[in-house]
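Enquirer: Okay, so here is upload36.cif, and as you'll see once you scroll down, it has mmCIF, C-alpha atoms (C1' of nucleotides).
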data_upload
#
loop_
_atom_site.group_PDB
_atom_site.id
_atom_site.type_symbol
_atom_site.label_atom_id
_atom_site.label_comp_id
_atom_site.auth_asym_id
_atom_site.auth_seq_id
_atom_site.Cartn_x
_atom_site.Cartn_y
_atom_site.Cartn_z
ATOM 1 C CA MET A 1 -12.624 -11.623 3.314
ATOM 2 C CA ILE A 2 -9.279 -11.246 5.004
ATOM 3 C CA GLU A 3 -6.972 -9.141 2.855
ATOM 4 C CA LEU A 4 -3.344 -10.165 2.829
ATOM 5 C CA SER A 5 -0.379 -8.415 1.318
ATOM 6 C CA LYS A 6 2.015 -10.433 -0.802
ATOM 7 C CA ALA A 7 4.558 -10.686 1.968
ATOM 8 C CA GLU A 8 1.912 -11.719 4.461
ATOM 9 C CA PHE A 9 0.657 -14.365 2.094
ATOM 10 C CA ALA A 10 4.140 -15.754 1.665
ATOM 11 C CA VAL A 11 4.508 -16.116 5.422
ATOM 12 C CA LEU A 12 1.134 -17.764 5.813
ATOM 13 C CA ASP A 13 2.021 -20.011 2.908
ATOM 14 C CA ALA A 14 5.092 -21.184 4.752
ATOM 15 C CA LEU A 15 2.852 -22.057 7.667
ATOM 16 C CA TRP A 16 0.373 -23.871 5.458
ATOM 17 C CA LEU A 17 3.213 -26.125 4.370
ATOM 18 C CA ASN A 18 3.041 -27.716 7.761
ATOM 19 C CA TYR A 19 1.355 -26.584 10.917
ATOM 20 C CA PRO A 20 1.208 -25.853 13.749
ATOM 21 C CA ALA A 21 4.676 -24.371 13.661
ATOM 22 C CA THR A 22 6.830 -22.010 15.638
ATOM 23 C CA ALA A 23 8.172 -18.718 14.391
ATOM 24 C CA SER A 24 11.626 -20.200 13.969
ATOM 25 C CA GLN A 25 10.312 -23.037 11.862
ATOM 26 C CA ILE A 26 8.518 -20.583 9.642
ATOM 27 C CA ILE A 27 11.614 -18.440 9.441
ATOM 28 C CA ALA A 28 13.665 -21.463 8.475
ATOM 29 C CA ARG A 29 11.250 -22.386 5.692
ATOM 30 C CA LEU A 30 11.191 -18.889 4.302
ATOM 31 C CA SER A 31 14.913 -18.490 4.275
ATOM 32 C CA ASP A 32 15.011 -21.129 1.583
ATOM 33 C CA ASP A 33 13.182 -18.812 -0.810
ATOM 34 C CA THR A 34 13.744 -15.314 0.488
ATOM 35 C CA HIS A 35 16.311 -13.167 2.201
ATOM 36 C CA TRP A 36 13.933 -11.752 4.736
ATOM 37 C CA HIS A 37 15.308 -10.806 8.059
ATOM 38 C CA GLU A 38 13.993 -12.703 11.051
ATOM 39 C CA LYS A 39 12.584 -9.444 12.395
ATOM 40 C CA THR A 40 10.702 -8.865 9.197
ATOM 41 C CA ILE A 41 9.030 -12.235 9.387
ATOM 42 C CA LYS A 42 8.070 -11.690 13.005
ATOM 43 C CA THR A 43 6.508 -8.392 12.083
ATOM 44 C CA LEU A 44 4.513 -10.156 9.397
ATOM 45 C CA LEU A 45 3.438 -12.869 11.826
ATOM 46 C CA GLY A 46 2.201 -10.158 14.141
ATOM 47 C CA ARG A 47 0.232 -8.547 11.347
ATOM 48 C CA LEU A 48 -1.264 -11.869 10.363
ATOM 49 C CA VAL A 49 -2.413 -12.459 13.917
ATOM 50 C CA LYS A 50 -3.933 -9.009 14.008
ATOM 51 C CA LYS A 51 -5.778 -9.725 10.772
ATOM 52 C CA ASP A 52 -7.069 -12.996 12.224
ATOM 53 C CA ALA A 53 -5.349 -14.991 9.531
ATOM 54 C CA LEU A 54 -3.649 -17.114 12.151
ATOM 55 C CA THR A 55 -3.651 -17.780 15.878
ATOM 56 C CA PHE A 56 -1.136 -19.128 18.300
ATOM 57 C CA GLU A 57 -0.855 -20.914 21.557
ATOM 58 C CA LYS A 58 1.906 -20.257 23.976
ATOM 59 C CA ASP A 59 4.422 -22.934 24.655
ATOM 60 C CA GLY A 60 6.618 -21.453 27.321
ATOM 61 C CA ARG A 61 8.193 -18.437 25.751
ATOM 62 C CA GLN A 62 7.368 -19.416 22.206
ATOM 63 C CA TYR A 63 4.242 -19.165 20.148
ATOM 64 C CA ILE A 64 2.925 -22.031 18.122
ATOM 65 C CA TYR A 65 1.036 -20.767 15.131
ATOM 66 C CA THR A 66 -1.913 -22.252 13.288
ATOM 67 C CA PRO A 67 -3.664 -20.786 10.252
ATOM 68 C CA CYS A 68 -7.250 -19.624 10.778
ATOM 69 C CA ILE A 69 -8.132 -20.067 7.162
ATOM 70 C CA ALA A 70 -7.693 -22.897 4.697
ATOM 71 C CA ARG A 71 -5.366 -22.335 1.805
ATOM 72 C CA ALA A 72 -7.916 -23.567 -0.701
ATOM 73 C CA ASP A 73 -10.528 -21.156 0.603
ATOM 74 C CA TYR A 74 -8.184 -18.233 0.467
ATOM 75 C CA THR A 75 -6.876 -18.981 -3.003
ATOM 76 C CA LEU A 76 -10.369 -19.571 -4.330
ATOM 77 C CA LYS A 77 -11.573 -16.193 -3.108
ATOM 78 C CA GLU A 78 -8.485 -14.468 -4.407
ATOM 79 C CA SER A 79 -8.856 -16.179 -7.757
ATOM 80 C CA GLU A 80 -12.484 -15.210 -8.101
ATOM 81 C CA ASN A 81 -11.591 -11.701 -7.243
ATOM 82 C CA PHE A 82 -8.731 -11.619 -9.707
ATOM 83 C CA ILE A 83 -10.707 -13.157 -12.540
ATOM 84 C CA GLN A 84 -13.577 -10.808 -11.856
ATOM 85 C CA ARG A 85 -11.341 -7.772 -12.049
ATOM 86 C CA LEU A 86 -9.331 -8.755 -15.085
ATOM 87 C CA PHE A 87 -11.651 -10.985 -17.081
ATOM 88 C CA SER A 88 -15.171 -10.046 -16.007
ATOM 89 C CA GLY A 89 -15.408 -13.267 -14.096
ATOM 90 C CA ARG A 90 -14.767 -15.608 -16.986
ATOM 91 C CA ILE A 91 -11.972 -18.087 -16.700
ATOM 92 C CA ALA A 92 -11.491 -19.104 -20.302
ATOM 93 C CA PRO A 93 -9.972 -15.796 -21.402
ATOM 94 C CA LEU A 94 -7.238 -16.260 -18.837
ATOM 95 C CA VAL A 95 -6.448 -19.743 -20.058
ATOM 96 C CA SER A 96 -6.698 -18.566 -23.615
ATOM 97 C CA GLY A 97 -4.177 -15.808 -22.952
ATOM 98 C CA PHE A 98 -1.774 -18.403 -21.641
ATOM 99 C CA ALA A 99 -2.354 -20.587 -24.662
ATOM 100 C CA LYS A 100 -1.730 -17.797 -27.138
ATOM 101 C CA SER A 101 1.552 -16.884 -25.569
ATOM 102 C CA GLU A 102 2.666 -20.458 -25.320
ATOM 103 C CA ARG A 103 2.520 -20.691 -21.570
ATOM 104 C CA LEU A 104 0.756 -24.042 -21.612
ATOM 105 C CA SER A 105 2.541 -27.350 -21.473
ATOM 106 C CA GLN A 106 1.171 -30.724 -22.469
ATOM 107 C CA GLN A 107 0.915 -31.445 -18.769
ATOM 108 C CA ASP A 108 -1.225 -28.358 -18.195
ATOM 109 C CA ILE A 109 -3.489 -29.454 -21.016
ATOM 110 C CA ASP A 110 -3.801 -32.954 -19.618
ATOM 111 C CA GLU A 111 -4.646 -31.589 -16.209
ATOM 112 C CA LEU A 112 -7.212 -29.229 -17.659
ATOM 113 C CA LYS A 113 -8.821 -32.073 -19.558
ATOM 114 C CA LYS A 114 -9.088 -34.026 -16.373
ATOM 115 C CA VAL A 115 -10.732 -31.123 -14.596
ATOM 116 C CA ILE A 116 -13.250 -30.833 -17.412
ATOM 117 C CA ASP A 117 -13.841 -34.534 -17.380
ATOM 118 C CA ASP A 118 -14.503 -34.581 -13.676
ATOM 119 C CA TRP A 119 -16.788 -31.615 -13.971
ATOM 120 C CA GLU A 120 -18.851 -33.351 -16.623
ATOM 121 C CA LYS A 121 -19.146 -36.514 -14.594
ATOM 122 C CA GLN A 122 -20.277 -34.427 -11.700
ATOM 123 C CA GLN A 123 -23.050 -32.934 -13.794
ATOM 124 C CA LYS A 124 -24.770 -36.218 -14.454
ATOM 125 C CA MET B 1 6.724 -4.605 -15.694
ATOM 126 C CA ILE B 2 4.594 -1.632 -14.828
ATOM 127 C CA GLU B 3 2.922 -2.125 -11.463
ATOM 128 C CA LEU B 4 -0.592 -0.788 -11.163
ATOM 129 C CA SER B 5 -2.806 -0.544 -8.130
ATOM 130 C CA LYS B 6 -6.362 -1.776 -8.391
ATOM 131 C CA ALA B 7 -7.771 1.701 -8.712
ATOM 132 C CA GLU B 8 -5.211 2.592 -11.357
ATOM 133 C CA PHE B 9 -6.052 -0.535 -13.277
ATOM 134 C CA ALA B 10 -9.745 0.321 -13.193
ATOM 135 C CA VAL B 11 -9.026 3.729 -14.698
ATOM 136 C CA LEU B 12 -6.794 2.321 -17.384
ATOM 137 C CA ASP B 13 -9.427 -0.294 -18.055
ATOM 138 C CA ALA B 14 -11.967 2.434 -18.722
ATOM 139 C CA LEU B 15 -9.549 3.896 -21.238
ATOM 140 C CA TRP B 16 -8.955 0.538 -22.890
ATOM 141 C CA LEU B 17 -12.671 0.350 -23.555
ATOM 142 C CA ASN B 18 -12.177 2.983 -26.186
ATOM 143 C CA TYR B 19 -9.269 5.264 -26.813
ATOM 144 C CA PRO B 20 -7.953 7.872 -27.224
ATOM 145 C CA ALA B 21 -10.241 9.541 -24.747
ATOM 146 C CA THR B 22 -10.387 12.657 -22.626
ATOM 147 C CA ALA B 23 -10.482 12.740 -18.870
ATOM 148 C CA SER B 24 -14.163 13.571 -18.872
ATOM 149 C CA GLN B 25 -14.966 10.606 -21.078
ATOM 150 C CA ILE B 26 -13.062 8.334 -18.739
ATOM 151 C CA ILE B 27 -14.787 9.866 -15.756
ATOM 152 C CA ALA B 28 -18.153 9.336 -17.402
ATOM 153 C CA ARG B 29 -17.400 5.674 -18.060
ATOM 154 C CA LEU B 30 -16.246 5.069 -14.520
ATOM 155 C CA SER B 31 -19.229 6.707 -12.929
ATOM 156 C CA ASP B 32 -21.300 3.862 -14.285
ATOM 157 C CA ASP B 33 -19.481 1.407 -12.044
ATOM 158 C CA THR B 34 -18.012 3.440 -9.231
ATOM 159 C CA HIS B 35 -18.686 6.460 -7.084
ATOM 160 C CA TRP B 36 -15.272 7.953 -7.486
ATOM 161 C CA HIS B 37 -14.965 11.652 -7.358
ATOM 162 C CA GLU B 38 -13.773 13.369 -10.481
ATOM 163 C CA LYS B 39 -10.725 14.575 -8.563
ATOM 164 C CA THR B 40 -9.887 11.059 -7.564
ATOM 165 C CA ILE B 41 -9.907 9.883 -11.149
ATOM 166 C CA LYS B 42 -7.717 12.763 -12.227
ATOM 167 C CA THR B 43 -5.243 11.900 -9.531
ATOM 168 C CA LEU B 44 -5.180 8.352 -10.820
ATOM 169 C CA LEU B 45 -4.717 9.528 -14.398
ATOM 170 C CA GLY B 46 -1.742 11.551 -13.228
ATOM 171 C CA ARG B 47 -0.239 8.545 -11.503
ATOM 172 C CA LEU B 48 -0.761 6.422 -14.576
ATOM 173 C CA VAL B 49 1.054 8.975 -16.701
ATOM 174 C CA LYS B 50 3.895 9.051 -14.199
ATOM 175 C CA LYS B 51 4.107 5.265 -14.343
ATOM 176 C CA ASP B 52 4.210 5.392 -18.136
ATOM 177 C CA ALA B 53 1.048 3.372 -18.397
ATOM 178 C CA LEU B 54 -0.502 6.013 -20.615
ATOM 179 C CA THR B 55 0.364 9.195 -22.476
ATOM 180 C CA PHE B 56 -1.588 12.149 -23.644
ATOM 181 C CA GLU B 57 -1.613 14.821 -26.264
ATOM 182 C CA LYS B 58 -2.877 18.255 -25.591
ATOM 183 C CA ASP B 59 -5.975 19.449 -27.323
ATOM 184 C CA GLY B 60 -6.351 23.011 -26.189
ATOM 185 C CA ARG B 61 -6.858 22.851 -22.500
ATOM 186 C CA GLN B 62 -7.685 19.168 -22.410
ATOM 187 C CA TYR B 63 -5.577 16.082 -22.556
ATOM 188 C CA ILE B 64 -6.347 13.186 -24.785
ATOM 189 C CA TYR B 65 -5.120 9.967 -23.280
ATOM 190 C CA THR B 66 -3.878 6.798 -24.921
ATOM 191 C CA PRO B 67 -2.675 3.634 -23.180
ATOM 192 C CA CYS B 68 0.992 2.806 -23.510
ATOM 193 C CA ILE B 69 0.437 -0.869 -22.936
ATOM 194 C CA ALA B 70 -1.926 -3.403 -24.423
ATOM 195 C CA ARG B 71 -4.566 -4.857 -22.165
ATOM 196 C CA ALA B 72 -3.739 -8.401 -23.206
ATOM 197 C CA ASP B 73 -0.072 -7.915 -22.393
ATOM 198 C CA TYR B 74 -0.811 -6.479 -19.011
ATOM 199 C CA THR B 75 -3.351 -9.118 -18.038
ATOM 200 C CA LEU B 76 -1.090 -11.903 -19.219
ATOM 201 C CA LYS B 77 1.782 -10.723 -17.071
ATOM 202 C CA GLU B 78 -0.467 -10.213 -14.085
ATOM 203 C CA SER B 79 -1.972 -13.652 -14.557
ATOM 204 C CA GLU B 80 1.387 -15.340 -14.760
ATOM 205 C CA ASN B 81 2.433 -13.557 -11.670
ATOM 206 C CA PHE B 82 -0.717 -14.466 -9.819
ATOM 207 C CA ILE B 83 -0.646 -18.092 -10.825
ATOM 208 C CA GLN B 84 2.998 -18.315 -9.916
ATOM 209 C CA ARG B 85 2.396 -16.948 -6.445
ATOM 210 C CA LEU B 86 -0.711 -18.925 -5.623
ATOM 211 C CA PHE B 87 -0.369 -22.113 -7.621
ATOM 212 C CA SER B 88 3.345 -22.517 -8.309
ATOM 213 C CA GLY B 89 2.765 -21.535 -11.897
ATOM 214 C CA ARG B 90 0.279 -24.243 -12.744
ATOM 215 C CA ILE B 91 -3.046 -23.231 -14.133
ATOM 216 C CA ALA B 92 -5.072 -26.397 -13.628
ATOM 217 C CA PRO B 93 -5.288 -26.078 -9.837
ATOM 218 C CA LEU B 94 -6.945 -22.728 -10.266
ATOM 219 C CA VAL B 95 -9.517 -24.102 -12.657
ATOM 220 C CA SER B 96 -9.936 -27.134 -10.472
ATOM 221 C CA GLY B 97 -10.649 -24.931 -7.468
ATOM 222 C CA PHE B 98 -13.391 -23.231 -9.429
ATOM 223 C CA ALA B 99 -14.818 -26.543 -10.500
ATOM 224 C CA LYS B 100 -14.932 -27.922 -6.989
ATOM 225 C CA SER B 101 -16.795 -24.939 -5.667
ATOM 226 C CA GLU B 102 -19.227 -24.901 -8.539
ATOM 227 C CA ARG B 103 -17.973 -21.715 -10.086
ATOM 228 C CA LEU B 104 -17.944 -23.171 -13.585
ATOM 229 C CA SER B 105 -20.829 -22.870 -15.984
ATOM 230 C CA GLN B 106 -21.450 -24.979 -19.048
ATOM 231 C CA GLN B 107 -20.345 -21.972 -21.054
ATOM 232 C CA ASP B 108 -17.035 -21.827 -19.211
ATOM 233 C CA ILE B 109 -16.531 -25.505 -19.935
ATOM 234 C CA ASP B 110 -17.311 -25.066 -23.602
ATOM 235 C CA GLU B 111 -14.915 -22.171 -23.844
ATOM 236 C CA LEU B 112 -12.205 -24.119 -22.085
ATOM 237 C CA LYS B 113 -12.698 -27.029 -24.444
ATOM 238 C CA LYS B 114 -12.277 -24.706 -27.358
ATOM 239 C CA VAL B 115 -9.084 -23.303 -25.938
ATOM 240 C CA ILE B 116 -7.741 -26.818 -25.525
ATOM 241 C CA ASP B 117 -8.844 -27.758 -28.990
ATOM 242 C CA ASP B 118 -7.123 -24.784 -30.526
ATOM 243 C CA TRP B 119 -4.014 -25.472 -28.549
ATOM 244 C CA GLU B 120 -3.883 -29.019 -29.823
ATOM 245 C CA LYS B 121 -4.358 -27.967 -33.419
ATOM 246 C CA GLN B 122 -1.559 -25.502 -32.924
ATOM 247 C CA GLN B 123 0.757 -28.263 -31.799
ATOM 248 C CA LYS B 124 0.554 -30.191 -35.047
ATOM 249 C "C1'" DA C 1 25.787 -14.914 39.418
ATOM 250 C "C1'" DA C 2 26.891 -12.259 35.413
ATOM 251 C "C1'" DA C 3 26.764 -12.181 30.496
ATOM 252 C "C1'" DA C 4 24.849 -13.395 26.351
ATOM 253 C "C1'" DA C 5 21.333 -15.011 23.559
ATOM 254 C "C1'" DT C 6 16.532 -15.288 22.340
ATOM 255 C "C1'" DA C 7 11.286 -14.628 22.233
ATOM 256 C "C1'" DG C 8 8.043 -11.591 21.373
ATOM 257 C "C1'" DA C 9 6.425 -6.336 21.670
ATOM 258 C "C1'" DT C 10 6.986 -1.903 20.314
ATOM 259 C "C1'" DT C 11 8.677 1.614 17.396
ATOM 260 C "C1'" DA C 12 10.408 3.335 12.902
ATOM 261 C "C1'" DC C 13 10.256 5.027 8.516
ATOM 262 C "C1'" DA C 14 9.965 5.661 3.504
ATOM 263 C "C1'" DG C 15 7.092 4.722 -0.370
ATOM 264 C "C1'" DG C 16 2.459 3.191 -2.189
ATOM 265 C "C1'" DT C 17 -2.660 3.706 -2.185
ATOM 266 C "C1'" DG C 18 -7.367 5.489 -1.778
ATOM 267 C "C1'" DT C 19 -9.607 9.438 -1.707
ATOM 268 C "C1'" DA C 20 -10.038 13.802 -2.371
ATOM 269 C "C1'" DA C 21 -9.445 19.398 -1.528
ATOM 270 C "C1'" DT C 22 -7.117 23.402 -2.885
ATOM 271 C "C1'" DC C 23 -4.553 26.159 -6.219
ATOM 272 C "C1'" DT C 24 -3.700 28.198 -10.728
ATOM 273 C "C1'" DT C 25 -4.906 29.509 -15.056
ATOM 274 C "C1'" DA C 26 -7.663 29.772 -18.998
ATOM 275 C "C1'" DA C 27 -12.268 29.581 -21.076
ATOM 276 C "C1'" DT C 28 -17.243 30.557 -20.734
ATOM 277 C "C1'" DT C 29 -21.176 32.838 -19.105
ATOM 278 C "C1'" DT C 30 -23.590 36.689 -17.636
ATOM 279 C "C1'" DA D 1 -15.513 43.299 -18.087
ATOM 280 C "C1'" DA D 2 -16.558 40.601 -14.066
ATOM 281 C "C1'" DA D 3 -17.912 36.294 -12.327
ATOM 282 C "C1'" DT D 4 -18.139 31.573 -12.816
ATOM 283 C "C1'" DT D 5 -16.656 27.289 -14.429
ATOM 284 C "C1'" DA D 6 -13.552 23.863 -15.717
ATOM 285 C "C1'" DA D 7 -8.735 21.634 -16.798
ATOM 286 C "C1'" DG D 8 -5.018 20.127 -14.985
ATOM 287 C "C1'" DA D 9 -1.227 20.671 -11.058
ATOM 288 C "C1'" DT D 10 -0.171 20.529 -6.483
ATOM 289 C "C1'" DT D 11 -0.959 19.360 -1.839
ATOM 290 C "C1'" DA D 12 -3.099 16.481 1.810
ATOM 291 C "C1'" DC D 13 -3.573 12.821 4.772
ATOM 292 C "C1'" DA D 14 -4.543 8.397 6.905
ATOM 293 C "C1'" DC D 15 -3.737 3.644 6.291
ATOM 294 C "C1'" DC D 16 -1.060 -0.182 4.162
ATOM 295 C "C1'" DT D 17 3.438 -2.388 3.057
ATOM 296 C "C1'" DG D 18 8.133 -3.755 3.076
ATOM 297 C "C1'" DT D 19 11.734 -3.939 5.836
ATOM 298 C "C1'" DA D 20 13.729 -3.878 9.759
ATOM 299 C "C1'" DA D 21 15.902 -1.851 14.629
ATOM 300 C "C1'" DT D 22 15.250 -1.286 19.400
ATOM 301 C "C1'" DC D 23 13.185 -2.560 23.772
ATOM 302 C "C1'" DT D 24 11.869 -5.814 27.445
ATOM 303 C "C1'" DA D 25 11.715 -9.911 29.736
ATOM 304 C "C1'" DT D 26 13.270 -14.335 30.085
ATOM 305 C "C1'" DT D 27 16.440 -18.349 29.261
ATOM 306 C "C1'" DT D 28 20.905 -20.205 28.521
ATOM 307 C "C1'" DT D 29 25.732 -20.040 28.777
ATOM 308 C "C1'" DT D 30 29.810 -19.207 30.810
#
Show this structure as structure tokens.
Expert:
Amino acid sequence: MIELSKAEFAVLDALWLNYPATASQIIARLSDDTHWHEKTIKTLLGRLVKKDALTFEKDGRQYIYTPCIARADYTLKESENFIQRLFSGRIAPLVSGFAKSERLSQQDIDELKKVIDDWEKQQK
Amino acid sequence: MIELSKAEFAVLDALWLNYPATASQIIARLSDDTHWHEKTIKTLLGRLVKKDALTFEKDGRQYIYTPCIARADYTLKESENFIQRLFSGRIAPLVSGFAKSERLSQQDIDELKKVIDDWEKQQK
DNA sequence: AAAAATAGATTACAGGTGTAATCTTAATTT
DNA sequence: AAATTAAGATTACACCTGTAATCTATTTTT
């Protein structure tokens, strides 16, 4: 799988928000959350292209970027990886850790129930 | 929080299995799963000491290592961090991603139900 | 047309990371 | 006692990362 650093992920995430997009649009989105210099973001875009995480088409002097991978695919792989490393691949211990330290809201619980419900329907 | 690289985490994880432990015990445990050179593991132990992730006491010429942090604390912080970055802090989308791609077993579901159950009892 | 701004490309540079090899010193073996 | 082994300390080194600054080639402005 493509390996992204945290900063690279954040840039790609800004693109996933809405694409295709130009560098300046991405820069604008990121400046809401970060203080990254324009040059920094362009460097990261370059690295993402090199890693085949996104492509671009030229539009005159500008590039118009599009992700090469779907967010859901990337986050799924990352999550599997993470849960494998920290919890031997089991998801409940993660959720349980959250529960014990009171990181779960009623909304989280409701959403989890729904996921379980859907899963069970699927099984039939 | 203490930041650990993946390799550092793996070494600390071998110590968490059973501690205090000597370098050679840790090396023995890791050679079950990895092909890391003894020197590599010692380097990582040194870095972990420097990061205050573990301490040691001298026993003659050897060091006897003990973790400075609890596994549950570390994994909780890492999980929060991860879920914040990838899922805006919500846990259900992660679980839902697993469900959709058939990464959940009946056992996972049962465990999740139990976590939810316990949480709800706790709320009363 | 000359100057300024702007897009992307190239270069920079310190600190982290994976992955050891070498050095130093003390213990063990022969 | 001399040689070997073994513990940890120090050094190595390429690649990754965060974080830009500078360079080059257009566009825009003036």
Enquirer: Kindly assemble as a tab-separated table a list of the chain B residues that lie within 10 Å of chain D, each paired with its nearest atom pair and their distance in Å to one decimal, using only C-alpha atoms (C1' of nucleotides), sorted first by chain and then by ascending residue number.
Expert:
residue	atom	partner	partner_atom	distance
B:Ala23	CA	D:DA7	C1'	9.3
B:Ser24	CA	D:DA7	C1'	9.9
B:Lys42	CA	D:DG8	C1'	8.3
B:Thr43	CA	D:DA9	C1'	9.8
B:Gly46	CA	D:DG8	C1'	9.3
B:Gly60	CA	D:DA7	C1'	9.8
B:Arg61	CA	D:DA7	C1'	6.1
B:Gln62	CA	D:DA7	C1'	6.2
B:Tyr63	CA	D:DA7	C1'	8.6
Enquirer: Could you jot down the atom CA of Leu94 of chain A to atom CA of Arg71 of chain B separation for me, Å, one decimal place?
Expert: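 According to the coordinates, atom CA of Leu94 of chain A and atom CA of Arg71 of chain B are separated by 12.2 Å.
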Enquirer: Need the shell around segment 86-88 of chain B: protein/DNA/RNA residues with any atom at most 10 Å away, counting only C-alpha atoms (C1' of nucleotides). Skip same-chain ones fewer than 4 positions apart. Format as a PyMOL selection string?
Expert: (chain A and resi 9-10+13+71-72+74-76+78-79) or (chain B and resi 80-82+92-94)
Enquirer: Find the residues in chain C near chain B: any atom within 9 Å counts, using all atoms listed in the file. Write them as an MDAnalysis selection string.
Expert: chainID C and resid 16:21 26:27
Enquirer: Can you provide chain B as a short mmCIF file (atom, residue, chain, number, x, y, z; two decimals) with C-alpha atoms, in the frame of the given file, superposed onto chain A by least squares across all C-alpha atoms matched in order?
Expert:
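That gives us selection_11.cif:
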data_model
loop_
_atom_site.label_atom_id
_atom_site.label_comp_id
_atom_site.auth_asym_id
_atom_site.auth_seq_id
_atom_site.Cartn_x
_atom_site.Cartn_y
_atom_site.Cartn_z
CA MET B 1 -12.69 -11.67 3.38
CA ILE B 2 -9.34 -11.28 5.04
CA GLU B 3 -7.04 -9.14 2.91
CA LEU B 4 -3.41 -10.16 2.88
CA SER B 5 -0.45 -8.42 1.34
CA LYS B 6 1.93 -10.43 -0.78
CA ALA B 7 4.50 -10.68 1.96
CA GLU B 8 1.86 -11.72 4.47
CA PHE B 9 0.60 -14.36 2.10
CA ALA B 10 4.11 -15.74 1.66
CA VAL B 11 4.47 -16.11 5.42
CA LEU B 12 1.11 -17.76 5.81
CA ASP B 13 1.98 -20.00 2.90
CA ALA B 14 5.08 -21.18 4.74
CA LEU B 15 2.84 -22.06 7.66
CA TRP B 16 0.36 -23.89 5.46
CA LEU B 17 3.19 -26.13 4.34
CA ASN B 18 3.05 -27.74 7.74
CA TYR B 19 1.37 -26.59 10.89
CA PRO B 20 1.25 -25.89 13.75
CA ALA B 21 4.70 -24.39 13.65
CA THR B 22 6.86 -22.01 15.62
CA ALA B 23 8.20 -18.73 14.36
CA SER B 24 11.66 -20.18 13.94
CA GLN B 25 10.34 -23.03 11.82
CA ILE B 26 8.52 -20.57 9.61
CA ILE B 27 11.61 -18.41 9.39
CA ALA B 28 13.68 -21.43 8.42
CA ARG B 29 11.26 -22.37 5.65
CA LEU B 30 11.18 -18.86 4.26
CA SER B 31 14.92 -18.46 4.22
CA ASP B 32 15.00 -21.09 1.52
CA ASP B 33 13.14 -18.78 -0.85
CA THR B 34 13.70 -15.29 0.44
CA HIS B 35 16.27 -13.13 2.15
CA TRP B 36 13.90 -11.71 4.69
CA HIS B 37 15.27 -10.77 8.01
CA GLU B 38 13.98 -12.67 10.98
CA LYS B 39 12.56 -9.43 12.35
CA THR B 40 10.67 -8.84 9.16
CA ILE B 41 9.01 -12.22 9.35
CA LYS B 42 8.05 -11.67 12.96
CA THR B 43 6.48 -8.38 12.05
CA LEU B 44 4.48 -10.15 9.38
CA LEU B 45 3.43 -12.88 11.80
CA GLY B 46 2.18 -10.17 14.13
CA ARG B 47 0.18 -8.56 11.35
CA LEU B 48 -1.29 -11.89 10.37
CA VAL B 49 -2.42 -12.48 13.94
CA LYS B 50 -3.96 -9.03 14.04
CA LYS B 51 -5.81 -9.77 10.81
CA ASP B 52 -7.08 -13.04 12.26
CA ALA B 53 -5.37 -15.03 9.57
CA LEU B 54 -3.66 -17.16 12.18
CA THR B 55 -3.63 -17.82 15.91
CA PHE B 56 -1.10 -19.15 18.30
CA GLU B 57 -0.79 -20.97 21.56
CA LYS B 58 1.97 -20.28 23.96
CA ASP B 59 4.52 -22.94 24.64
CA GLY B 60 6.74 -21.43 27.27
CA ARG B 61 8.30 -18.44 25.70
CA GLN B 62 7.45 -19.41 22.15
CA TYR B 63 4.30 -19.20 20.14
CA ILE B 64 2.98 -22.04 18.11
CA TYR B 65 1.05 -20.78 15.13
CA THR B 66 -1.89 -22.28 13.29
CA PRO B 67 -3.69 -20.82 10.28
CA CYS B 68 -7.24 -19.66 10.82
CA ILE B 69 -8.16 -20.08 7.20
CA ALA B 70 -7.75 -22.90 4.73
CA ARG B 71 -5.41 -22.34 1.83
CA ALA B 72 -7.97 -23.56 -0.68
CA ASP B 73 -10.58 -21.15 0.62
CA TYR B 74 -8.24 -18.23 0.49
CA THR B 75 -6.91 -18.98 -2.98
CA LEU B 76 -10.40 -19.55 -4.32
CA LYS B 77 -11.61 -16.19 -3.11
CA GLU B 78 -8.52 -14.45 -4.40
CA SER B 79 -8.88 -16.17 -7.75
CA GLU B 80 -12.50 -15.19 -8.11
CA ASN B 81 -11.61 -11.68 -7.27
CA PHE B 82 -8.74 -11.60 -9.71
CA ILE B 83 -10.68 -13.14 -12.55
CA GLN B 84 -13.55 -10.78 -11.90
CA ARG B 85 -11.32 -7.74 -12.09
CA LEU B 86 -9.29 -8.74 -15.10
CA PHE B 87 -11.60 -10.95 -17.12
CA SER B 88 -15.12 -10.01 -16.06
CA GLY B 89 -15.38 -13.23 -14.14
CA ARG B 90 -14.73 -15.57 -17.02
CA ILE B 91 -11.95 -18.06 -16.70
CA ALA B 92 -11.44 -19.09 -20.31
CA PRO B 93 -9.88 -15.79 -21.41
CA LEU B 94 -7.19 -16.27 -18.83
CA VAL B 95 -6.39 -19.75 -20.03
CA SER B 96 -6.63 -18.58 -23.59
CA GLY B 97 -4.10 -15.84 -22.91
CA PHE B 98 -1.70 -18.44 -21.60
CA ALA B 99 -2.27 -20.63 -24.61
CA LYS B 100 -1.62 -17.85 -27.07
CA SER B 101 1.66 -16.94 -25.48
CA GLU B 102 2.78 -20.52 -25.23
CA ARG B 103 2.59 -20.74 -21.48
CA LEU B 104 0.80 -24.08 -21.55
CA SER B 105 2.57 -27.39 -21.37
CA GLN B 106 1.19 -30.75 -22.37
CA GLN B 107 0.89 -31.47 -18.67
CA ASP B 108 -1.23 -28.38 -18.13
CA ILE B 109 -3.47 -29.48 -20.97
CA ASP B 110 -3.82 -32.97 -19.56
CA GLU B 111 -4.68 -31.59 -16.16
CA LEU B 112 -7.22 -29.22 -17.63
CA LYS B 113 -8.83 -32.06 -19.55
CA LYS B 114 -9.14 -34.00 -16.35
CA VAL B 115 -10.76 -31.10 -14.60
CA ILE B 116 -13.26 -30.80 -17.42
CA ASP B 117 -13.87 -34.51 -17.40
CA ASP B 118 -14.54 -34.55 -13.70
CA TRP B 119 -16.81 -31.58 -14.01
CA GLU B 120 -18.86 -33.31 -16.66
CA LYS B 121 -19.18 -36.48 -14.64
CA GLN B 122 -20.32 -34.36 -11.74
CA GLN B 123 -23.09 -32.88 -13.84
CA LYS B 124 -24.81 -36.19 -14.49
#
